[in-house]
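The file start-v3.pdb contains PDB, C-alpha atoms and all ligand atoms:
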```pdb
ATOM      1  CA  MET G   1     -32.594  77.054  80.267  1.00  0.00           C
ATOM      2  CA  ILE G   2     -31.774  76.473  76.594  1.00  0.00           C
ATOM      3  CA  ARG G   3     -28.165  77.202  75.718  1.00  0.00           C
ATOM      4  CA  VAL G   4     -25.756  76.447  72.888  1.00  0.00           C
ATOM      5  CA  ALA G   5     -23.973  73.123  73.430  1.00  0.00           C
ATOM      6  CA  THR G   6     -20.213  72.720  73.762  1.00  0.00           C
ATOM      7  CA  ARG G   7     -17.941  69.718  73.373  1.00  0.00           C
ATOM      8  CA  ALA G   8     -18.024  69.403  77.196  1.00  0.00           C
ATOM      9  CA  ASP G   9     -21.678  68.289  76.826  1.00  0.00           C
ATOM     10  CA  LEU G  10     -20.858  65.413  74.472  1.00  0.00           C
ATOM     11  CA  ALA G  11     -20.932  62.666  77.114  1.00  0.00           C
ATOM     12  CA  ARG G  12     -24.434  63.603  78.341  1.00  0.00           C
ATOM     13  CA  ILE G  13     -25.655  64.123  74.756  1.00  0.00           C
ATOM     14  CA  SER G  14     -24.441  60.647  73.869  1.00  0.00           C
ATOM     15  CA  GLU G  15     -26.031  59.173  77.005  1.00  0.00           C
ATOM     16  CA  ILE G  16     -29.448  60.616  76.083  1.00  0.00           C
ATOM     17  CA  ARG G  17     -29.065  59.584  72.427  1.00  0.00           C
ATOM     18  CA  MET G  18     -28.153  55.982  73.258  1.00  0.00           C
ATOM     19  CA  ALA G  19     -30.968  55.554  75.821  1.00  0.00           C
ATOM     20  CA  VAL G  20     -33.881  56.160  73.416  1.00  0.00           C
ATOM     21  CA  ARG G  21     -36.263  53.316  72.669  1.00  0.00           C
ATOM     22  CA  GLU G  22     -37.457  54.743  69.320  1.00  0.00           C
ATOM     23  CA  ASN G  23     -35.397  56.157  66.446  1.00  0.00           C
ATOM     24  CA  ILE G  24     -32.534  53.972  67.682  1.00  0.00           C
ATOM     25  CA  LEU G  25     -29.156  54.696  66.089  1.00  0.00           C
ATOM     26  CA  SER G  26     -27.731  51.591  64.447  1.00  0.00           C
ATOM     27  CA  ARG G  27     -24.255  53.069  63.750  1.00  0.00           C
ATOM     28  CA  PRO G  28     -23.358  55.768  66.348  1.00  0.00           C
ATOM     29  CA  ASP G  29     -19.840  56.060  64.887  1.00  0.00           C
ATOM     30  CA  LYS G  30     -21.309  57.393  61.607  1.00  0.00           C
ATOM     31  CA  ILE G  31     -22.574  60.637  63.173  1.00  0.00           C
ATOM     32  CA  VAL G  32     -19.613  61.618  65.392  1.00  0.00           C
ATOM     33  CA  ASP G  33     -18.099  63.999  62.823  1.00  0.00           C
ATOM     34  CA  ALA G  34     -21.442  65.677  62.090  1.00  0.00           C
ATOM     35  CA  VAL G  35     -22.191  66.179  65.799  1.00  0.00           C
ATOM     36  CA  GLN G  36     -18.798  67.772  66.428  1.00  0.00           C
ATOM     37  CA  TYR G  37     -19.150  69.980  63.329  1.00  0.00           C
ATOM     38  CA  LEU G  38     -22.600  71.225  64.412  1.00  0.00           C
ATOM     39  CA  ILE G  39     -21.450  71.886  67.986  1.00  0.00           C
ATOM     40  CA  ASP G  40     -18.434  73.804  66.716  1.00  0.00           C
ATOM     41  CA  CYS G  41     -20.616  76.053  64.511  1.00  0.00           C
ATOM     42  CA  ASP G  42     -23.134  76.784  67.330  1.00  0.00           C
ATOM     43  CA  ALA G  43     -25.972  74.814  65.711  1.00  0.00           C
ATOM     44  CA  PHE G  44     -26.570  72.503  68.680  1.00  0.00           C
ATOM     45  CA  TRP G  45     -28.624  73.259  71.826  1.00  0.00           C
ATOM     46  CA  VAL G  46     -29.210  71.643  75.193  1.00  0.00           C
ATOM     47  CA  PHE G  47     -31.928  72.198  77.766  1.00  0.00           C
ATOM     48  CA  GLU G  48     -30.294  72.396  81.187  1.00  0.00           C
ATOM     49  CA  ASP G  49     -31.543  73.118  84.698  1.00  0.00           C
ATOM     50  CA  ALA G  50     -30.021  72.693  88.167  1.00  0.00           C
ATOM     51  CA  THR G  51     -30.295  68.920  87.854  1.00  0.00           C
ATOM     52  CA  GLY G  52     -28.503  68.692  84.517  1.00  0.00           C
ATOM     53  CA  ILE G  53     -29.163  68.337  80.783  1.00  0.00           C
ATOM     54  CA  HIS G  54     -32.569  66.879  79.861  1.00  0.00           C
ATOM     55  CA  GLY G  55     -32.557  67.036  76.070  1.00  0.00           C
ATOM     56  CA  PHE G  56     -30.918  68.459  72.977  1.00  0.00           C
ATOM     57  CA  SER G  57     -31.598  69.616  69.438  1.00  0.00           C
ATOM     58  CA  SER G  58     -29.535  70.468  66.392  1.00  0.00           C
ATOM     59  CA  ALA G  59     -30.160  72.050  62.993  1.00  0.00           C
ATOM     60  CA  ASP G  60     -27.910  71.734  59.970  1.00  0.00           C
ATOM     61  CA  PRO G  61     -27.676  75.100  58.162  1.00  0.00           C
ATOM     62  CA  ARG G  62     -25.976  73.397  55.199  1.00  0.00           C
ATOM     63  CA  ASP G  63     -29.176  71.623  54.082  1.00  0.00           C
ATOM     64  CA  GLY G  64     -32.005  73.135  56.171  1.00  0.00           C
ATOM     65  CA  SER G  65     -32.625  69.990  58.188  1.00  0.00           C
ATOM     66  CA  ILE G  66     -33.359  69.309  61.824  1.00  0.00           C
ATOM     67  CA  PHE G  67     -30.400  67.064  62.566  1.00  0.00           C
ATOM     68  CA  ALA G  68     -31.517  65.934  66.032  1.00  0.00           C
ATOM     69  CA  LEU G  69     -34.192  66.295  68.716  1.00  0.00           C
ATOM     70  CA  PHE G  70     -33.920  64.005  71.715  1.00  0.00           C
ATOM     71  CA  MET G  71     -35.259  64.020  75.263  1.00  0.00           C
ATOM     72  CA  ASP G  72     -34.293  62.068  78.337  1.00  0.00           C
ATOM     73  CA  GLN G  73     -37.359  59.889  78.759  1.00  0.00           C
ATOM     74  CA  ALA G  74     -37.835  61.023  82.371  1.00  0.00           C
ATOM     75  CA  SER G  75     -38.283  64.604  81.145  1.00  0.00           C
ATOM     76  CA  GLU G  76     -40.676  64.015  78.241  1.00  0.00           C
ATOM     77  CA  GLY G  77     -44.062  65.687  78.042  1.00  0.00           C
ATOM     78  CA  ARG G  78     -43.019  68.988  79.664  1.00  0.00           C
ATOM     79  CA  GLY G  79     -42.793  71.070  76.489  1.00  0.00           C
ATOM     80  CA  ILE G  80     -38.980  71.014  76.488  1.00  0.00           C
ATOM     81  CA  ALA G  81     -38.746  69.314  73.094  1.00  0.00           C
ATOM     82  CA  ARG G  82     -41.028  71.917  71.555  1.00  0.00           C
ATOM     83  CA  ALA G  83     -38.766  74.699  72.872  1.00  0.00           C
ATOM     84  CA  LEU G  84     -35.625  72.908  71.641  1.00  0.00           C
ATOM     85  CA  LEU G  85     -37.224  72.448  68.220  1.00  0.00           C
ATOM     86  CA  ASP G  86     -38.107  76.164  68.121  1.00  0.00           C
ATOM     87  CA  ALA G  87     -34.446  77.042  68.767  1.00  0.00           C
ATOM     88  CA  ALA G  88     -33.319  74.794  65.913  1.00  0.00           C
ATOM     89  CA  CYS G  89     -35.938  76.205  63.513  1.00  0.00           C
ATOM     90  CA  LEU G  90     -35.027  79.785  64.432  1.00  0.00           C
ATOM     91  CA  HIS G  91     -31.411  79.038  63.542  1.00  0.00           C
ATOM     92  CA  LEU G  92     -32.438  77.699  60.139  1.00  0.00           C
ATOM     93  CA  ALA G  93     -34.581  80.780  59.514  1.00  0.00           C
ATOM     94  CA  THR G  94     -31.760  83.151  60.461  1.00  0.00           C
ATOM     95  CA  THR G  95     -29.342  81.275  58.202  1.00  0.00           C
ATOM     96  CA  GLY G  96     -31.643  81.886  55.231  1.00  0.00           C
ATOM     97  CA  HIS G  97     -33.917  78.868  55.046  1.00  0.00           C
ATOM     98  CA  GLY G  98     -37.618  79.331  54.268  1.00  0.00           C
ATOM     99  CA  ARG G  99     -38.467  75.719  55.096  1.00  0.00           C
ATOM    100  CA  ALA G 100     -37.111  73.080  57.459  1.00  0.00           C
ATOM    101  CA  TRP G 101     -37.161  69.328  56.895  1.00  0.00           C
ATOM    102  CA  LEU G 102     -36.478  66.203  58.913  1.00  0.00           C
ATOM    103  CA  SER G 103     -37.139  62.495  58.887  1.00  0.00           C
ATOM    104  CA  THR G 104     -38.259  60.121  61.611  1.00  0.00           C
ATOM    105  CA  ASP G 105     -39.344  56.513  62.008  1.00  0.00           C
ATOM    106  CA  PRO G 106     -43.071  55.837  61.415  1.00  0.00           C
ATOM    107  CA  GLY G 107     -45.287  54.803  64.321  1.00  0.00           C
ATOM    108  CA  THR G 108     -43.211  56.659  66.920  1.00  0.00           C
ATOM    109  CA  ARG G 109     -43.953  59.288  69.556  1.00  0.00           C
ATOM    110  CA  ALA G 110     -41.784  61.578  67.426  1.00  0.00           C
ATOM    111  CA  GLU G 111     -44.071  61.123  64.403  1.00  0.00           C
ATOM    112  CA  ARG G 112     -47.107  62.091  66.501  1.00  0.00           C
ATOM    113  CA  PHE G 113     -45.194  64.977  68.087  1.00  0.00           C
ATOM    114  CA  TYR G 114     -44.181  66.487  64.714  1.00  0.00           C
ATOM    115  CA  ARG G 115     -47.712  66.188  63.271  1.00  0.00           C
ATOM    116  CA  HIS G 116     -49.050  67.875  66.425  1.00  0.00           C
ATOM    117  CA  GLN G 117     -46.520  70.693  65.893  1.00  0.00           C
ATOM    118  CA  GLY G 118     -47.812  71.298  62.347  1.00  0.00           C
ATOM    119  CA  TRP G 119     -45.173  69.462  60.303  1.00  0.00           C
ATOM    120  CA  ARG G 120     -46.465  68.068  56.990  1.00  0.00           C
ATOM    121  CA  GLU G 121     -45.473  64.699  55.563  1.00  0.00           C
ATOM    122  CA  THR G 122     -43.886  65.014  52.117  1.00  0.00           C
ATOM    123  CA  GLY G 123     -42.936  61.384  51.483  1.00  0.00           C
ATOM    124  CA  ARG G 124     -40.656  58.589  52.623  1.00  0.00           C
ATOM    125  CA  THR G 125     -36.884  58.325  52.618  1.00  0.00           C
ATOM    126  CA  ALA G 126     -35.090  55.393  50.966  1.00  0.00           C
ATOM    127  CA  ASP G 127     -34.850  53.632  54.330  1.00  0.00           C
ATOM    128  CA  GLY G 128     -38.566  54.038  55.092  1.00  0.00           C
ATOM    129  CA  GLU G 129     -38.534  57.057  57.397  1.00  0.00           C
ATOM    130  CA  ILE G 130     -41.273  59.690  57.100  1.00  0.00           C
ATOM    131  CA  ARG G 131     -40.008  62.962  55.625  1.00  0.00           C
ATOM    132  CA  PHE G 132     -41.606  66.058  57.167  1.00  0.00           C
ATOM    133  CA  GLU G 133     -41.410  69.723  56.194  1.00  0.00           C
ATOM    134  CA  LYS G 134     -42.490  72.953  57.832  1.00  0.00           C
ATOM    135  CA  ALA G 135     -42.458  76.552  56.601  1.00  0.00           C
ATOM    136  CA  LEU G 136     -40.390  78.866  58.803  1.00  0.00           C
ATOM    137  CA  GLY G 137     -41.214  82.369  59.910  1.00  0.00           C
TER     138      GLY G 137
HETATM  139  C1  LIG G 201     -40.238  63.061  70.276  1.00  0.00           C
HETATM  140  C2  LIG G 201     -39.749  63.749  71.529  1.00  0.00           C
HETATM  141  C3  LIG G 201     -38.594  64.668  71.205  1.00  0.00           C
HETATM  142  C4  LIG G 201     -40.931  64.574  72.116  1.00  0.00           C
HETATM  143  O1  LIG G 201     -40.519  65.094  73.370  1.00  0.00           O
HETATM  144  P1  LIG G 201     -41.587  65.602  74.462  1.00  0.00           P
HETATM  145  O2  LIG G 201     -40.792  66.062  75.644  1.00  0.00           O
HETATM  146  O3  LIG G 201     -42.619  64.591  74.710  1.00  0.00           O
HETATM  147  O4  LIG G 201     -42.277  66.813  73.723  1.00  0.00           O
HETATM  148  P2  LIG G 201     -43.009  68.062  74.377  1.00  0.00           P
HETATM  149  O5  LIG G 201     -43.294  67.818  75.823  1.00  0.00           O
HETATM  150  O6  LIG G 201     -42.237  69.281  74.029  1.00  0.00           O
HETATM  151  O7  LIG G 201     -44.380  68.068  73.586  1.00  0.00           O
HETATM  152  C5  LIG G 201     -44.829  69.213  72.922  1.00  0.00           C
HETATM  153  C6  LIG G 201     -46.203  69.018  72.379  1.00  0.00           C
HETATM  154  O8  LIG G 201     -46.366  67.786  71.700  1.00  0.00           O
HETATM  155  C7  LIG G 201     -47.448  67.069  72.296  1.00  0.00           C
HETATM  156  N1  LIG G 201     -47.105  65.669  72.272  1.00  0.00           N
HETATM  157  C8  LIG G 201     -45.990  65.122  72.752  1.00  0.00           C
HETATM  158  N2  LIG G 201     -46.030  63.784  72.535  1.00  0.00           N
HETATM  159  C9  LIG G 201     -47.201  63.525  71.920  1.00  0.00           C
HETATM  160  C10 LIG G 201     -47.808  62.341  71.459  1.00  0.00           C
HETATM  161  N3  LIG G 201     -47.240  61.152  71.636  1.00  0.00           N
HETATM  162  N4  LIG G 201     -49.004  62.423  70.838  1.00  0.00           N
HETATM  163  C11 LIG G 201     -49.589  63.624  70.684  1.00  0.00           C
HETATM  164  N5  LIG G 201     -49.061  64.779  71.114  1.00  0.00           N
HETATM  165  C12 LIG G 201     -47.878  64.732  71.720  1.00  0.00           C
HETATM  166  C13 LIG G 201     -47.573  67.604  73.675  1.00  0.00           C
HETATM  167  O9  LIG G 201     -48.865  67.450  74.194  1.00  0.00           O
HETATM  168  C14 LIG G 201     -47.259  69.052  73.445  1.00  0.00           C
HETATM  169  O10 LIG G 201     -48.366  69.701  72.888  1.00  0.00           O
HETATM  170  P3  LIG G 201     -48.537  71.303  72.941  1.00  0.00           P
HETATM  171  O11 LIG G 201     -47.425  71.841  72.065  1.00  0.00           O
HETATM  172  O12 LIG G 201     -49.890  71.572  72.385  1.00  0.00           O
HETATM  173  O13 LIG G 201     -48.383  71.678  74.375  1.00  0.00           O
HETATM  174  C15 LIG G 201     -39.316  62.723  72.601  1.00  0.00           C
HETATM  175  O14 LIG G 201     -40.396  61.839  72.848  1.00  0.00           O
HETATM  176  C16 LIG G 201     -38.092  61.909  72.243  1.00  0.00           C
HETATM  177  O15 LIG G 201     -36.961  62.324  72.518  1.00  0.00           O
HETATM  178  N6  LIG G 201     -38.313  60.721  71.666  1.00  0.00           N
HETATM  179  C17 LIG G 201     -37.234  59.760  71.408  1.00  0.00           C
HETATM  180  C18 LIG G 201     -36.233  60.267  70.413  1.00  0.00           C
HETATM  181  C19 LIG G 201     -36.837  60.568  69.075  1.00  0.00           C
HETATM  182  O16 LIG G 201     -37.543  59.765  68.494  1.00  0.00           O
HETATM  183  N7  LIG G 201     -36.513  61.782  68.588  1.00  0.00           N
HETATM  184  C20 LIG G 201     -36.908  62.241  67.289  1.00  0.00           C
HETATM  185  C21 LIG G 201     -35.899  61.785  66.294  1.00  0.00           C
HETATM  186  S1  LIG G 201     -36.277  62.427  64.686  1.00  0.00           S
END
```

Would you mind writing the file's structure down as structure tokens?
Amino acid sequence: MIRVATRADLARISEIRMAVRENILSRPDKIVDAVQYLIDCDAFWVFEDATGIHGFSSADPRDGSIFALFMDQASEGRGIARALLDAACLHLATTGHGRAWLSTDPGTRAERFYRHQGWRETGRTADGEIRFEKALG
């Protein structure tokens, strides 16, 4: 059900990304190049079943970060995000990273989700997001 994303998935990926009610993207144009780069180097995954794509994740092997983890709201709470996050972390581990990091807005479902998955807060980013880290492997 989880497979590597291709550029053909971009429209659905964008639809899910733009529909979120937390961690809203203020400047979607600023991430287009990064998304295409990560898809082209097989560092982007979608969860798909017979009804379509329900969520996606991405890891950036250049800096050891989780670049994205987003679910269609109708498909939340089924463990899909956890599986997508595992795929992204596995990619970071196999590209030589001992730790993964990410940032997310405070007070969100995502913050609670990451704490529940064992991520540890290491501080705040300049724009006030919580920075989390997790050891891999
Ligand atoms: C954050 C997000 C990815 C979580 O997706 P999800 O489908 O609810 O996650 P899952 O169903 O895989 O949940 C996995 C686990 O987290 C737990 N969990 C999920 N939401 C939780 C919450 N709000 N509080 C506590 N635990 C939670 C689940 O119970 C489950 O626990 P388990 O591993 O013991 O079974 C999703 O809500 C989302 O896309 N949010 C909007 C976009 C966003 O903010 N993304 C993060 C950007 S950094």

With all atoms listed in the file as the counted atoms, please give the residues lying no more than 8 Å from Arg7 (chain G), apart from itself and same-chain residues fewer than 5 positions off, as a PDB file with C-alpha atoms, in the frame of the given file.
```
ATOM      1  CA  GLN G  36     -18.798  67.772  66.428  1.00  0.00           C
ATOM      2  CA  ILE G  39     -21.450  71.886  67.986  1.00  0.00           C
ATOM      3  CA  ASP G  40     -18.434  73.804  66.716  1.00  0.00           C
TER       4      ASP G  40
END
```

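From atom N7 of ligand LIG 201 (chain G) back to CA of Ser103 (chain G), the distance works out to 9.7 Å.
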
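A distance cut-off of 6 Å from ligand LIG 201 (chain G), applied to only C-alpha atoms and all ligand atoms, picks out the residues Val20, Glu22, Asn23, Leu69, Phe70, Met71, Glu76, Gly77, Arg78, Gly79, Ile80, Ala81, Arg82, Ser103, Thr104, Arg109, Ala110, Arg112, Phe113 and His116 of chain G.
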
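The gap separating CA of Arg3 (chain G) from CA of Glu48 (chain G) is 7.6 Å, in Å to one decimal.
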
### Query
If you count only C-alpha atoms, which residues fall within 7 Å of region 53-59 of chain G, apart from same-chain ones fewer than 5 positions away, as a PyMOL selection string?
chain G and resi 43-48+65-72+75+84-85+88+92

### Task
Run the PyMOL selection byres (((chain G and resi 123) around 12) and not hetatm) mentally over the shown coordinates, then write out the matched residues as a ChimeraX atom specification, using the chain letters and numbers from the document.
/G:101-104,106,120-122,124-133

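Atom pair CA of Gly98 (chain G) / CA of Lys134 (chain G): separated by 8.8 Å.
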
### Message
Ranking G:Ala74, G:Gly64, G:Gly107, G:Gly52 by minimum distance to Thr94 (chain G) and counting only C-alpha atoms, which one comes first?
### Response
G:Gly64

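Of the listed residues G:Gln117, G:Gln73, G:Tyr37, G:Val32, the one whose atoms come nearest to Ser14 (chain G) is G:Val32, with distances taken using all atoms listed in the file.
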